[in-house]
$ cat upload-v4.pdb   # PDB, C-alpha atoms
ATOM      1  CA  MET A   1     -14.848 -12.297  -7.894
ATOM      2  CA  GLU A   2     -16.599 -14.322  -5.204
ATOM      3  CA  ASN A   3     -13.893 -17.001  -5.173
ATOM      4  CA  THR A   4     -11.226 -14.345  -4.746
ATOM      5  CA  PHE A   5     -13.122 -12.784  -1.835
ATOM      6  CA  GLN A   6     -12.994 -16.187  -0.146
ATOM      7  CA  LEU A   7      -9.223 -16.290  -0.580
ATOM      8  CA  VAL A   8      -8.976 -12.892   1.122
ATOM      9  CA  LYS A   9     -11.123 -14.188   3.975
ATOM     10  CA  ASN A  10      -8.752 -17.151   4.293
ATOM     11  CA  ILE A  11      -5.749 -14.923   5.068
ATOM     12  CA  ILE A  12      -7.404 -12.778   7.745
ATOM     13  CA  PRO A  13      -6.078 -13.772  11.176
ATOM     14  CA  PRO A  14      -8.730 -14.510  13.801
ATOM     15  CA  LEU A  15      -9.069 -12.244  16.800
ATOM     16  CA  THR A  16      -8.136 -14.135  19.954
ATOM     17  CA  THR A  17      -7.056 -13.434  23.517
ATOM     18  CA  LYS A  18      -4.053 -15.732  23.042
ATOM     19  CA  LYS A  19      -2.084 -13.229  20.913
ATOM     20  CA  HIS A  20       0.240 -10.492  22.105
ATOM     21  CA  LYS A  21       0.634  -6.936  20.809
ATOM     22  CA  GLY A  22       2.303  -6.866  17.423
ATOM     23  CA  GLN A  23       1.451 -10.325  16.120
ATOM     24  CA  ASP A  24      -1.211  -9.068  13.709
ATOM     25  CA  GLY A  25       0.980  -6.454  12.098
ATOM     26  CA  ARG A  26       3.701  -3.923  12.740
ATOM     27  CA  ILE A  27       3.723  -1.623   9.715
ATOM     28  CA  GLY A  28       6.134   1.172   8.769
ATOM     29  CA  ILE A  29       5.248   4.135   6.559
ATOM     30  CA  VAL A  30       8.185   5.907   4.901
ATOM     31  CA  GLY A  31       7.084   9.380   3.819
ATOM     32  CA  GLY A  32       5.927  12.762   5.015
ATOM     33  CA  CYS A  33       7.642  16.087   4.374
ATOM     34  CA  GLN A  34       6.870  19.739   5.042
ATOM     35  CA  GLU A  35       4.321  19.991   2.223
ATOM     36  CA  TYR A  36       2.681  16.580   2.572
ATOM     37  CA  THR A  37       1.652  15.406   6.039
ATOM     38  CA  GLY A  38      -1.819  14.033   5.323
ATOM     39  CA  ALA A  39      -0.728  11.167   3.076
ATOM     40  CA  PRO A  40       1.463   9.305   5.596
ATOM     41  CA  TYR A  41      -1.218   9.803   8.255
ATOM     42  CA  PHE A  42      -3.881   8.294   5.986
ATOM     43  CA  ALA A  43      -1.674   5.289   5.191
ATOM     44  CA  ALA A  44      -0.690   4.754   8.819
ATOM     45  CA  ILE A  45      -4.143   5.142  10.361
ATOM     46  CA  SER A  46      -5.752   2.915   7.724
ATOM     47  CA  ALA A  47      -3.227   0.196   8.577
ATOM     48  CA  LEU A  48      -4.341   0.389  12.212
ATOM     49  CA  LYS A  49      -8.032   0.535  11.370
ATOM     50  CA  VAL A  50      -7.848  -2.547   9.158
ATOM     51  CA  GLY A  51      -6.247  -4.517  11.993
ATOM     52  CA  ALA A  52      -2.526  -3.871  12.375
ATOM     53  CA  ASP A  53      -1.389  -3.595  15.982
ATOM     54  CA  LEU A  54       1.290  -0.920  15.540
ATOM     55  CA  SER A  55       1.884   1.724  12.896
ATOM     56  CA  HIS A  56       5.150   3.666  12.552
ATOM     57  CA  VAL A  57       5.759   6.753  10.397
ATOM     58  CA  PHE A  58       9.308   7.644   9.321
ATOM     59  CA  CYS A  59       9.103  11.260   8.170
ATOM     60  CA  THR A  60      11.085  14.498   8.077
ATOM     61  CA  ARG A  61      11.682  16.544  11.197
ATOM     62  CA  GLU A  62       9.289  19.334  10.151
ATOM     63  CA  ALA A  63       6.490  16.902   9.342
ATOM     64  CA  ALA A  64       6.679  14.942  12.592
ATOM     65  CA  PRO A  65       4.867  17.339  14.987
ATOM     66  CA  VAL A  66       2.052  17.766  12.476
ATOM     67  CA  ILE A  67       1.585  14.028  11.966
ATOM     68  CA  LYS A  68       1.785  13.417  15.723
ATOM     69  CA  SER A  69      -0.997  15.947  16.213
ATOM     70  CA  TYR A  70      -3.350  14.025  13.927
ATOM     71  CA  SER A  71      -3.447  10.939  16.122
ATOM     72  CA  PRO A  72      -1.841   9.639  19.319
ATOM     73  CA  GLU A  73      -2.125   6.129  17.881
ATOM     74  CA  LEU A  74       0.867   6.583  15.569
ATOM     75  CA  ILE A  75       4.546   6.122  16.423
ATOM     76  CA  VAL A  76       6.326   8.953  14.607
ATOM     77  CA  HIS A  77      10.064   9.040  13.881
ATOM     78  CA  PRO A  78      11.418  12.431  12.639
ATOM     79  CA  VAL A  79      14.454  10.939  10.901
ATOM     80  CA  LEU A  80      13.903  10.856   7.151
ATOM     81  CA  ASP A  81      15.897  14.015   6.406
ATOM     82  CA  SER A  82      18.723  13.327   8.851
ATOM     83  CA  PRO A  83      22.236  12.467   7.586
ATOM     84  CA  ASN A  84      21.963   8.996   9.139
ATOM     85  CA  ALA A  85      18.367   8.350   8.068
ATOM     86  CA  VAL A  86      19.085   4.905   6.619
ATOM     87  CA  HIS A  87      20.718   3.745   9.846
ATOM     88  CA  GLU A  88      17.888   5.195  11.958
ATOM     89  CA  VAL A  89      15.215   3.365   9.959
ATOM     90  CA  GLU A  90      17.297   0.203   9.661
ATOM     91  CA  LYS A  91      17.322  -0.098  13.460
ATOM     92  CA  TRP A  92      13.559  -0.580  13.370
ATOM     93  CA  LEU A  93      13.354  -3.000  10.447
ATOM     94  CA  PRO A  94      13.684  -6.162  12.589
ATOM     95  CA  ARG A  95      10.512  -5.060  14.407
ATOM     96  CA  LEU A  96       8.454  -4.422  11.262
ATOM     97  CA  HIS A  97       6.459  -6.838   9.117
ATOM     98  CA  ALA A  98       6.063  -4.564   6.077
ATOM     99  CA  LEU A  99       6.963  -1.114   4.759
ATOM    100  CA  VAL A 100       4.834   1.312   2.762
ATOM    101  CA  VAL A 101       7.149   3.660   0.873
ATOM    102  CA  GLY A 102       6.108   6.933  -0.730
ATOM    103  CA  PRO A 103       3.027   8.599   0.821
ATOM    104  CA  GLY A 104       3.840  12.301   1.181
ATOM    105  CA  LEU A 105       7.483  11.683   0.357
ATOM    106  CA  GLY A 106       8.034  14.493  -2.123
ATOM    107  CA  ARG A 107      10.864  14.548  -4.659
ATOM    108  CA  GLU A 108      13.709  16.230  -2.833
ATOM    109  CA  ASP A 109      16.961  14.579  -3.910
ATOM    110  CA  ALA A 110      18.293  14.055  -0.385
ATOM    111  CA  LEU A 111      15.090  12.312   0.733
ATOM    112  CA  LEU A 112      15.008  10.098  -2.342
ATOM    113  CA  GLU A 113      18.625   9.127  -1.758
ATOM    114  CA  ASN A 114      17.754   8.097   1.813
ATOM    115  CA  VAL A 115      14.783   6.092   0.596
ATOM    116  CA  LYS A 116      17.035   4.217  -1.829
ATOM    117  CA  GLY A 117      19.153   3.111   1.126
ATOM    118  CA  ILE A 118      16.059   2.135   3.114
ATOM    119  CA  LEU A 119      14.779   0.030   0.207
ATOM    120  CA  GLU A 120      18.113  -1.766  -0.095
ATOM    121  CA  ALA A 121      18.155  -2.470   3.651
ATOM    122  CA  SER A 122      14.566  -3.740   3.504
ATOM    123  CA  LYS A 123      15.336  -6.075   0.621
ATOM    124  CA  ALA A 124      18.342  -7.454   2.499
ATOM    125  CA  ARG A 125      15.964  -8.426   5.306
ATOM    126  CA  ALA A 126      13.294  -9.754   2.879
ATOM    127  CA  ILE A 127      10.734  -7.268   4.210
ATOM    128  CA  PRO A 128       7.687  -6.790   1.968
ATOM    129  CA  VAL A 129       7.411  -3.271   0.537
ATOM    130  CA  VAL A 130       4.433  -1.440  -0.932
ATOM    131  CA  ILE A 131       5.515   1.464  -3.132
ATOM    132  CA  ASP A 132       3.155   4.333  -3.919
ATOM    133  CA  ALA A 133       3.110   8.022  -4.847
ATOM    134  CA  ASP A 134       6.579   9.588  -5.060
ATOM    135  CA  GLY A 135       8.102   6.224  -4.220
ATOM    136  CA  LEU A 136       6.943   5.286  -7.725
ATOM    137  CA  TRP A 137       8.652   8.395  -9.107
ATOM    138  CA  LEU A 138      11.891   7.054  -7.641
ATOM    139  CA  ILE A 139      11.331   3.589  -9.134
ATOM    140  CA  ALA A 140      10.650   5.114 -12.547
ATOM    141  CA  GLN A 141      14.066   6.811 -12.340
ATOM    142  CA  GLN A 142      15.815   3.641 -11.111
ATOM    143  CA  PRO A 143      13.789   0.471 -11.801
ATOM    144  CA  THR A 144      16.717  -1.704 -10.679
ATOM    145  CA  LEU A 145      15.856  -0.765  -7.096
ATOM    146  CA  ILE A 146      13.054  -3.341  -7.092
ATOM    147  CA  GLN A 147      13.909  -5.425 -10.179
ATOM    148  CA  GLY A 148      13.163  -9.060  -9.342
ATOM    149  CA  TYR A 149      12.149  -8.323  -5.737
ATOM    150  CA  GLN A 150       8.975 -10.382  -5.565
ATOM    151  CA  LYS A 151       8.004  -9.074  -2.134
ATOM    152  CA  ALA A 152       7.334  -5.651  -3.658
ATOM    153  CA  VAL A 153       3.951  -4.278  -4.715
ATOM    154  CA  LEU A 154       3.654  -1.160  -6.878
ATOM    155  CA  THR A 155       0.381   0.801  -6.862
ATOM    156  CA  PRO A 156       0.477   3.284  -9.788
ATOM    157  CA  ASN A 157      -2.428   5.401 -10.945
ATOM    158  CA  HIS A 158      -2.884   6.084 -14.666
ATOM    159  CA  VAL A 159      -0.143   8.720 -14.982
ATOM    160  CA  GLU A 160       2.299   6.824 -12.762
ATOM    161  CA  PHE A 161       1.683   3.629 -14.724
ATOM    162  CA  ILE A 162       2.523   5.299 -18.031
ATOM    163  CA  ARG A 163       5.696   6.775 -16.534
ATOM    164  CA  LEU A 164       6.783   3.413 -15.119
ATOM    165  CA  SER A 165       5.969   1.461 -18.264
ATOM    166  CA  GLU A 166       7.842   3.834 -20.537
ATOM    167  CA  ALA A 167      10.842   3.808 -18.210
ATOM    168  CA  VAL A 168      10.959   0.009 -17.978
ATOM    169  CA  LEU A 169       9.673  -1.193 -21.353
ATOM    170  CA  ARG A 170      10.820   1.769 -23.502
ATOM    171  CA  ASP A 171       7.591   1.525 -25.499
ATOM    172  CA  PRO A 172       4.313   3.505 -25.495
ATOM    173  CA  VAL A 173       1.567   1.955 -23.352
ATOM    174  CA  ASP A 174      -1.247   0.178 -25.214
ATOM    175  CA  SER A 175      -4.211   1.759 -23.425
ATOM    176  CA  SER A 176      -6.646  -0.572 -25.223
ATOM    177  CA  ASP A 177      -5.274  -3.624 -23.388
ATOM    178  CA  ARG A 178      -4.911  -2.785 -19.696
ATOM    179  CA  ARG A 179      -4.624  -6.422 -18.595
ATOM    180  CA  GLY A 180      -1.829  -7.073 -21.056
ATOM    181  CA  ALA A 181      -0.061  -3.825 -20.186
ATOM    182  CA  VAL A 182      -0.026  -4.594 -16.454
ATOM    183  CA  LEU A 183       1.085  -8.169 -17.106
ATOM    184  CA  ARG A 184       3.958  -7.014 -19.307
ATOM    185  CA  LEU A 185       5.179  -4.426 -16.802
ATOM    186  CA  SER A 186       5.142  -6.982 -13.989
ATOM    187  CA  GLN A 187       7.076  -9.469 -16.110
ATOM    188  CA  ALA A 188       9.621  -6.845 -17.158
ATOM    189  CA  LEU A 189      10.225  -5.997 -13.489
ATOM    190  CA  GLY A 190      10.871  -9.645 -12.643
ATOM    191  CA  ASN A 191       7.362 -10.575 -11.470
ATOM    192  CA  VAL A 192       6.940  -7.699  -9.072
ATOM    193  CA  THR A 193       3.223  -7.328  -8.272
ATOM    194  CA  VAL A 194       1.662  -4.307  -9.982
ATOM    195  CA  VAL A 195      -1.708  -2.761  -9.096
ATOM    196  CA  GLN A 196      -2.878  -0.302 -11.737
ATOM    197  CA  LYS A 197      -5.586   1.813 -10.135
ATOM    198  CA  GLY A 198      -8.425   3.025 -12.317
ATOM    199  CA  GLU A 199     -12.079   2.553 -13.223
ATOM    200  CA  GLN A 200     -11.265  -1.097 -12.609
ATOM    201  CA  ASP A 201      -8.139  -1.997 -10.685
ATOM    202  CA  VAL A 202      -5.934  -4.404 -12.650
ATOM    203  CA  ILE A 203      -3.497  -6.531 -10.654
ATOM    204  CA  SER A 204      -0.758  -8.842 -11.922
ATOM    205  CA  ASP A 205       2.234 -10.745 -10.598
ATOM    206  CA  GLY A 206       3.502 -11.461 -14.116
ATOM    207  CA  GLU A 207       1.753 -14.829 -14.217
ATOM    208  CA  GLN A 208      -1.872 -14.190 -13.325
ATOM    209  CA  VAL A 209      -4.101 -11.149 -13.745
ATOM    210  CA  LEU A 210      -6.988 -10.153 -11.479
ATOM    211  CA  GLU A 211      -9.464  -7.335 -11.901
ATOM    212  CA  CYS A 212     -11.327  -5.610  -9.098
ATOM    213  CA  ASN A 213     -14.450  -3.853 -10.347
ATOM    214  CA  LEU A 214     -16.360  -3.580  -7.090
ATOM    215  CA  GLN A 215     -18.546  -0.479  -7.134
ATOM    216  CA  GLY A 216     -16.916   2.617  -5.670
ATOM    217  CA  SER A 217     -18.150   6.109  -6.527
ATOM    218  CA  ASN A 218     -17.536   8.993  -8.896
ATOM    219  CA  ARG A 219     -15.795  11.011  -6.182
ATOM    220  CA  ARG A 220     -12.018  11.292  -6.624
ATOM    221  CA  CYS A 221     -10.837  13.150  -3.540
ATOM    222  CA  GLY A 222      -7.135  13.046  -2.741
ATOM    223  CA  GLY A 223      -5.921  10.468  -0.249
ATOM    224  CA  GLN A 224      -7.772   7.359  -1.385
ATOM    225  CA  GLY A 225      -4.561   5.820  -2.711
ATOM    226  CA  ASP A 226      -2.956   6.351   0.697
ATOM    227  CA  LEU A 227      -5.707   4.270   2.303
ATOM    228  CA  LEU A 228      -5.097   1.560  -0.291
ATOM    229  CA  SER A 229      -1.372   1.482   0.461
ATOM    230  CA  GLY A 230      -2.012   1.261   4.209
ATOM    231  CA  PHE A 231      -4.507  -1.574   3.757
ATOM    232  CA  LEU A 232      -2.087  -3.332   1.441
ATOM    233  CA  GLY A 233       0.819  -3.166   3.883
ATOM    234  CA  VAL A 234      -1.242  -5.098   6.429
ATOM    235  CA  LEU A 235      -2.858  -7.568   4.037
ATOM    236  CA  VAL A 236       0.485  -8.443   2.438
ATOM    237  CA  GLN A 237       1.836  -9.374   5.854
ATOM    238  CA  TRP A 238      -1.269 -11.430   6.648
ATOM    239  CA  ALA A 239      -1.157 -13.211   3.292
ATOM    240  CA  LEU A 240       2.528 -14.119   3.545
ATOM    241  CA  HIS A 241       2.028 -15.346   7.106
ATOM    242  CA  ALA A 242      -0.991 -17.447   6.091
ATOM    243  CA  GLY A 243       1.008 -19.174   3.345
ATOM    244  CA  PRO A 244       0.188 -20.329  -0.194
ATOM    245  CA  GLU A 245      -2.076 -23.140   1.007
ATOM    246  CA  LYS A 246      -4.589 -20.463   2.079
ATOM    247  CA  THR A 247      -4.498 -18.710  -1.300
ATOM    248  CA  ASN A 248      -5.195 -21.754  -3.464
ATOM    249  CA  GLY A 249      -2.258 -21.377  -5.826
ATOM    250  CA  PHE A 250      -2.552 -17.626  -6.224
ATOM    251  CA  SER A 251       0.349 -15.436  -5.180
ATOM    252  CA  PRO A 252      -0.271 -14.206  -1.599
ATOM    253  CA  LEU A 253       0.558 -10.675  -2.749
ATOM    254  CA  LEU A 254      -2.003 -10.918  -5.546
ATOM    255  CA  VAL A 255      -4.711 -11.920  -3.056
ATOM    256  CA  ALA A 256      -3.646  -9.163  -0.650
ATOM    257  CA  ALA A 257      -3.837  -6.581  -3.428
ATOM    258  CA  PHE A 258      -7.313  -7.694  -4.453
ATOM    259  CA  GLY A 259      -8.455  -7.433  -0.844
ATOM    260  CA  ALA A 260      -7.003  -3.949  -0.415
ATOM    261  CA  CYS A 261      -8.532  -2.711  -3.678
ATOM    262  CA  SER A 262     -11.932  -4.130  -2.730
ATOM    263  CA  LEU A 263     -11.862  -2.549   0.705
ATOM    264  CA  THR A 264     -10.863   0.870  -0.654
ATOM    265  CA  ARG A 265     -13.722   0.770  -3.143
ATOM    266  CA  GLN A 266     -16.240  -0.351  -0.536
ATOM    267  CA  CYS A 267     -15.173   2.448   1.840
ATOM    268  CA  ASN A 268     -15.517   4.948  -1.005
ATOM    269  CA  HIS A 269     -18.954   3.630  -1.935
ATOM    270  CA  GLN A 270     -20.275   3.740   1.628
ATOM    271  CA  ALA A 271     -18.869   7.199   2.340
ATOM    272  CA  PHE A 272     -20.354   8.540  -0.904
ATOM    273  CA  GLN A 273     -23.793   7.217   0.029
ATOM    274  CA  LYS A 274     -23.662   9.458   3.103
ATOM    275  CA  HIS A 275     -21.720  12.497   1.921
ATOM    276  CA  GLY A 276     -22.048  12.652  -1.857
ATOM    277  CA  ARG A 277     -20.002  15.376  -3.486
ATOM    278  CA  SER A 278     -18.627  16.398  -0.071
ATOM    279  CA  THR A 279     -16.958  13.010   0.526
ATOM    280  CA  THR A 280     -13.362  13.206   1.733
ATOM    281  CA  THR A 281     -10.840  10.529   2.643
ATOM    282  CA  SER A 282     -11.517  11.156   6.334
ATOM    283  CA  ASP A 283     -15.121  10.085   5.671
ATOM    284  CA  MET A 284     -13.772   6.886   4.123
ATOM    285  CA  ILE A 285     -11.719   6.127   7.232
ATOM    286  CA  ALA A 286     -14.928   6.108   9.261
ATOM    287  CA  GLU A 287     -16.250   3.380   6.945
ATOM    288  CA  ILE A 288     -13.320   0.958   7.302
ATOM    289  CA  ARG A 289     -14.844  -1.192  10.026
ATOM    290  CA  PRO A 290     -18.316  -1.627   8.461
ATOM    291  CA  ALA A 291     -16.823  -2.062   4.988
ATOM    292  CA  PHE A 292     -14.376  -4.713   6.199
ATOM    293  CA  ASN A 293     -17.201  -6.505   7.998
ATOM    294  CA  ARG A 294     -19.433  -6.415   4.948
ATOM    295  CA  LEU A 295     -16.793  -7.779   2.580
ATOM    296  CA  PHE A 296     -14.850 -10.251   4.654
ATOM    297  CA  GLU A 297     -16.647 -11.149   7.882
ATOM    298  CA  THR A 298     -20.194 -11.943   6.812
TER     299      THR A 298
END
$ encode --input "upload-v4.pdb" --output "structure tokens"
Amino acid sequence: MENTFQLVKNIIPPLTTKKHKGQDGRIGIVGGCQEYTGAPYFAAISALKVGADLSHVFCTREAAPVIKSYSPELIVHPVLDSPNAVHEVEKWLPRLHALVVGPGLGREDALLENVKGILEASKARAIPVVIDADGLWLIAQQPTLIQGYQKAVLTPNHVEFIRLSEAVLRDPVDSSDRRGAVLRLSQALGNVTVVQKGEQDVISDGEQVLECNLQGSNRRCGGQGDLLSGFLGVLVQWALHAGPEKTNGFSPLLVAAFGACSLTRQCNHQAFQKHGRSTTTSDMIAEIRPAFNRLFET
């Protein structure tokens, strides 16, 4: 894994006084409804903490005041359940480097229909998209939404991976060959990058397969996947901006995914050392800076 860590280091932009606000990442999170307000916050704040300059949340009207109350750092748009939601989000797309779709989204038909329009508008502008949580539920219902869109990254857990694979491949998943299963799903989707989260994270762009087995912990509190998606939104933008010469022939999205998986695991490990069974995702957020420094800046 050491060589891959070096590739991640290669894509990280240096901090310098010569930049202006926004150059190191303007990230949009699409999600957040009445029931689920924590997930979009976790994704958005982790994007900022890893180094993005601006983090937007496009959520429902009822979720907006709650998410705003979590942090003044976030730019919150209460538009996701409005009749003109696609137009409202589309206005911001020229200002965004990447979208994270799904944290706290829920499965309400009207919201999912709006997200479909947002995905189509994002693809038309060639904006990278990270799809997680109930965004993956939508993709499992309509895989053509991201078929062949190689600026998409899917981050399924075990259950979500089975659902996606059966929807796309129409065959039972071979659980004895995780590398092969992830590779086949990526290929079937037209080389969309797939990150199957698990005891080891398995990542494939349909051509190459990486595994991230950095030590995490045995604690499985909710919200860790939201941190991963927020990290990934930023790292994807950094990797694409750095270009393939910095990733040594690997897909930039593959390198970004490895970096995000490694950072999530390191945050989990460090938080668990301090809090043990009481570890929550908020404890992991406090570890982002030292974990990032340990992995990528030493």
$ residues_around --input "upload-v4.pdb" --residues "Gln34 of chain A" --least-positions-apart "5" --cutoff "9 Å" --atoms "all atoms listed in the file" --output "ChimeraX atom specification"
/A:60-64,104,106
$ residues_near_point --input "upload-v4.pdb" --point "(-4.5, -4.7, -10.9)" --cutoff "8 Å" --atoms "all atoms listed in the file" --output "list in words"
Arg179, Val182, Val194, Val195, Gln196, Lys197, Gln200, Asp201, Val202, Ile203, Ser204, Val209, Leu210, Glu211, Cys212, Ala257 and Phe258 of chain A
$ write_last_selection --input "upload-v4.pdb" --atoms "C-alpha atoms" --output "compact mmCIF listing (two decimals), in the coordinates of the input"
# COMPACT_ATOMS: atom_id res chain seq x y z
CA ARG A 179 -4.62 -6.42 -18.60
CA VAL A 182 -0.03 -4.59 -16.45
CA VAL A 194 1.66 -4.31 -9.98
CA VAL A 195 -1.71 -2.76 -9.10
CA GLN A 196 -2.88 -0.30 -11.74
CA LYS A 197 -5.59 1.81 -10.14
CA GLN A 200 -11.26 -1.10 -12.61
CA ASP A 201 -8.14 -2.00 -10.68
CA VAL A 202 -5.93 -4.40 -12.65
CA ILE A 203 -3.50 -6.53 -10.65
CA SER A 204 -0.76 -8.84 -11.92
CA VAL A 209 -4.10 -11.15 -13.74
CA LEU A 210 -6.99 -10.15 -11.48
CA GLU A 211 -9.46 -7.34 -11.90
CA CYS A 212 -11.33 -5.61 -9.10
CA ALA A 257 -3.84 -6.58 -3.43
CA PHE A 258 -7.31 -7.69 -4.45
$ resolve_selection --input "upload-v4.pdb" --expression "the PyMOL selection byres ((chain A and resi 139) around 12)" --output "MDAnalysis selection string"
chainID A and resid 101:102 107 112:113 115:116 119 130:138 140:147 152:156 160:161 163:168 189
$ write_last_selection --input "upload-v4.pdb" --atoms "C-alpha atoms" --output "compact mmCIF listing (two decimals), keeping the file's coordinate frame"
# COMPACT_ATOMS: atom_id res chain seq x y z
CA VAL A 101 7.15 3.66 0.87
CA GLY A 102 6.11 6.93 -0.73
CA ARG A 107 10.86 14.55 -4.66
CA LEU A 112 15.01 10.10 -2.34
CA GLU A 113 18.62 9.13 -1.76
CA VAL A 115 14.78 6.09 0.60
CA LYS A 116 17.04 4.22 -1.83
CA LEU A 119 14.78 0.03 0.21
CA VAL A 130 4.43 -1.44 -0.93
CA ILE A 131 5.52 1.46 -3.13
CA ASP A 132 3.16 4.33 -3.92
CA ALA A 133 3.11 8.02 -4.85
CA ASP A 134 6.58 9.59 -5.06
CA GLY A 135 8.10 6.22 -4.22
CA LEU A 136 6.94 5.29 -7.72
CA TRP A 137 8.65 8.40 -9.11
CA LEU A 138 11.89 7.05 -7.64
CA ALA A 140 10.65 5.11 -12.55
CA GLN A 141 14.07 6.81 -12.34
CA GLN A 142 15.82 3.64 -11.11
CA PRO A 143 13.79 0.47 -11.80
CA THR A 144 16.72 -1.70 -10.68
CA LEU A 145 15.86 -0.76 -7.10
CA ILE A 146 13.05 -3.34 -7.09
CA GLN A 147 13.91 -5.42 -10.18
CA ALA A 152 7.33 -5.65 -3.66
CA VAL A 153 3.95 -4.28 -4.72
CA LEU A 154 3.65 -1.16 -6.88
CA THR A 155 0.38 0.80 -6.86
CA PRO A 156 0.48 3.28 -9.79
CA GLU A 160 2.30 6.82 -12.76
CA PHE A 161 1.68 3.63 -14.72
CA ARG A 163 5.70 6.78 -16.53
CA LEU A 164 6.78 3.41 -15.12
CA SER A 165 5.97 1.46 -18.26
CA GLU A 166 7.84 3.83 -20.54
CA ALA A 167 10.84 3.81 -18.21
CA VAL A 168 10.96 0.01 -17.98
CA LEU A 189 10.22 -6.00 -13.49
$ resolve_selection --input "upload-v4.pdb" --expression "the PyMOL selection byres ((chain A and resi 236-240) around 6)" --output "ChimeraX atom specification"
/A:11,232-235,241-243,252-253,256
$ resolve_selection --input "upload-v4.pdb" --expression "the PyMOL selection byres ((chain A and resi 28) around 6)" --output "ChimeraX atom specification"
/A:27,29,55-57,99
$ atom_distance --input "upload-v4.pdb" --atom1 "atom CA of Asn293 of chain A" --atom2 "atom CA of Arg277 of chain A"
24.9 Å
$ closest_residue --input "upload-v4.pdb" --among "A:Gln23, A:Gln224, A:Thr193, A:Asn248" --to "Asp283 of chain A" --atoms "only C-alpha atoms"
A:Gln224
$ atom_distance --input "upload-v4.pdb" --atom1 "atom CA of Phe58 of chain A" --atom2 "atom CA of Pro78 of chain A"
6.2 Å
$ build_atoms --input "upload-v4.pdb" --residues "segment 250-261 of chain A" --atoms "N, CA, C and O atoms" --output "PDB file, in the coordinates of the input"
ATOM      1  N   PHE A 250      -2.801 -19.020  -5.850  1.00  0.00           N
ATOM      2  CA  PHE A 250      -2.552 -17.626  -6.224  1.00  0.00           C
ATOM      3  C   PHE A 250      -1.404 -17.079  -5.389  1.00  0.00           C
ATOM      4  O   PHE A 250      -1.193 -17.484  -4.243  1.00  0.00           O
ATOM      5  N   SER A 251      -0.673 -16.129  -5.945  1.00  0.00           N
ATOM      6  CA  SER A 251       0.349 -15.436  -5.180  1.00  0.00           C
ATOM      7  C   SER A 251      -0.289 -14.750  -3.978  1.00  0.00           C
ATOM      8  O   SER A 251      -1.317 -14.075  -4.115  1.00  0.00           O
ATOM      9  N   PRO A 252       0.278 -14.909  -2.771  1.00  0.00           N
ATOM     10  CA  PRO A 252      -0.271 -14.206  -1.599  1.00  0.00           C
ATOM     11  C   PRO A 252      -0.370 -12.698  -1.812  1.00  0.00           C
ATOM     12  O   PRO A 252      -1.338 -12.069  -1.369  1.00  0.00           O
ATOM     13  N   LEU A 253       0.604 -12.120  -2.525  1.00  0.00           N
ATOM     14  CA  LEU A 253       0.558 -10.675  -2.749  1.00  0.00           C
ATOM     15  C   LEU A 253      -0.572 -10.283  -3.694  1.00  0.00           C
ATOM     16  O   LEU A 253      -1.160  -9.212  -3.561  1.00  0.00           O
ATOM     17  N   LEU A 254      -0.893 -11.165  -4.631  1.00  0.00           N
ATOM     18  CA  LEU A 254      -2.003 -10.918  -5.546  1.00  0.00           C
ATOM     19  C   LEU A 254      -3.319 -10.892  -4.777  1.00  0.00           C
ATOM     20  O   LEU A 254      -4.162 -10.014  -4.978  1.00  0.00           O
ATOM     21  N   VAL A 255      -3.498 -11.850  -3.876  1.00  0.00           N
ATOM     22  CA  VAL A 255      -4.711 -11.920  -3.056  1.00  0.00           C
ATOM     23  C   VAL A 255      -4.803 -10.707  -2.132  1.00  0.00           C
ATOM     24  O   VAL A 255      -5.862 -10.093  -1.974  1.00  0.00           O
ATOM     25  N   ALA A 256      -3.669 -10.335  -1.530  1.00  0.00           N
ATOM     26  CA  ALA A 256      -3.646  -9.163  -0.650  1.00  0.00           C
ATOM     27  C   ALA A 256      -4.045  -7.906  -1.415  1.00  0.00           C
ATOM     28  O   ALA A 256      -4.812  -7.062  -0.917  1.00  0.00           O
ATOM     29  N   ALA A 257      -3.536  -7.764  -2.625  1.00  0.00           N
ATOM     30  CA  ALA A 257      -3.837  -6.581  -3.428  1.00  0.00           C
ATOM     31  C   ALA A 257      -5.315  -6.527  -3.795  1.00  0.00           C
ATOM     32  O   ALA A 257      -5.940  -5.456  -3.750  1.00  0.00           O
ATOM     33  N   PHE A 258      -5.878  -7.656  -4.144  1.00  0.00           N
ATOM     34  CA  PHE A 258      -7.313  -7.694  -4.453  1.00  0.00           C
ATOM     35  C   PHE A 258      -8.126  -7.286  -3.229  1.00  0.00           C
ATOM     36  O   PHE A 258      -9.092  -6.517  -3.336  1.00  0.00           O
ATOM     37  N   GLY A 259      -7.741  -7.791  -2.065  1.00  0.00           N
ATOM     38  CA  GLY A 259      -8.455  -7.433  -0.844  1.00  0.00           C
ATOM     39  C   GLY A 259      -8.370  -5.956  -0.544  1.00  0.00           C
ATOM     40  O   GLY A 259      -9.370  -5.315  -0.178  1.00  0.00           O
ATOM     41  N   ALA A 260      -7.185  -5.371  -0.699  1.00  0.00           N
ATOM     42  CA  ALA A 260      -7.003  -3.949  -0.415  1.00  0.00           C
ATOM     43  C   ALA A 260      -7.782  -3.082  -1.398  1.00  0.00           C
ATOM     44  O   ALA A 260      -8.395  -2.078  -1.006  1.00  0.00           O
ATOM     45  N   CYS A 261      -7.768  -3.454  -2.680  1.00  0.00           N
ATOM     46  CA  CYS A 261      -8.532  -2.711  -3.678  1.00  0.00           C
ATOM     47  C   CYS A 261     -10.031  -2.782  -3.382  1.00  0.00           C
ATOM     48  O   CYS A 261     -10.747  -1.766  -3.453  1.00  0.00           O
TER      49      CYS A 261
END
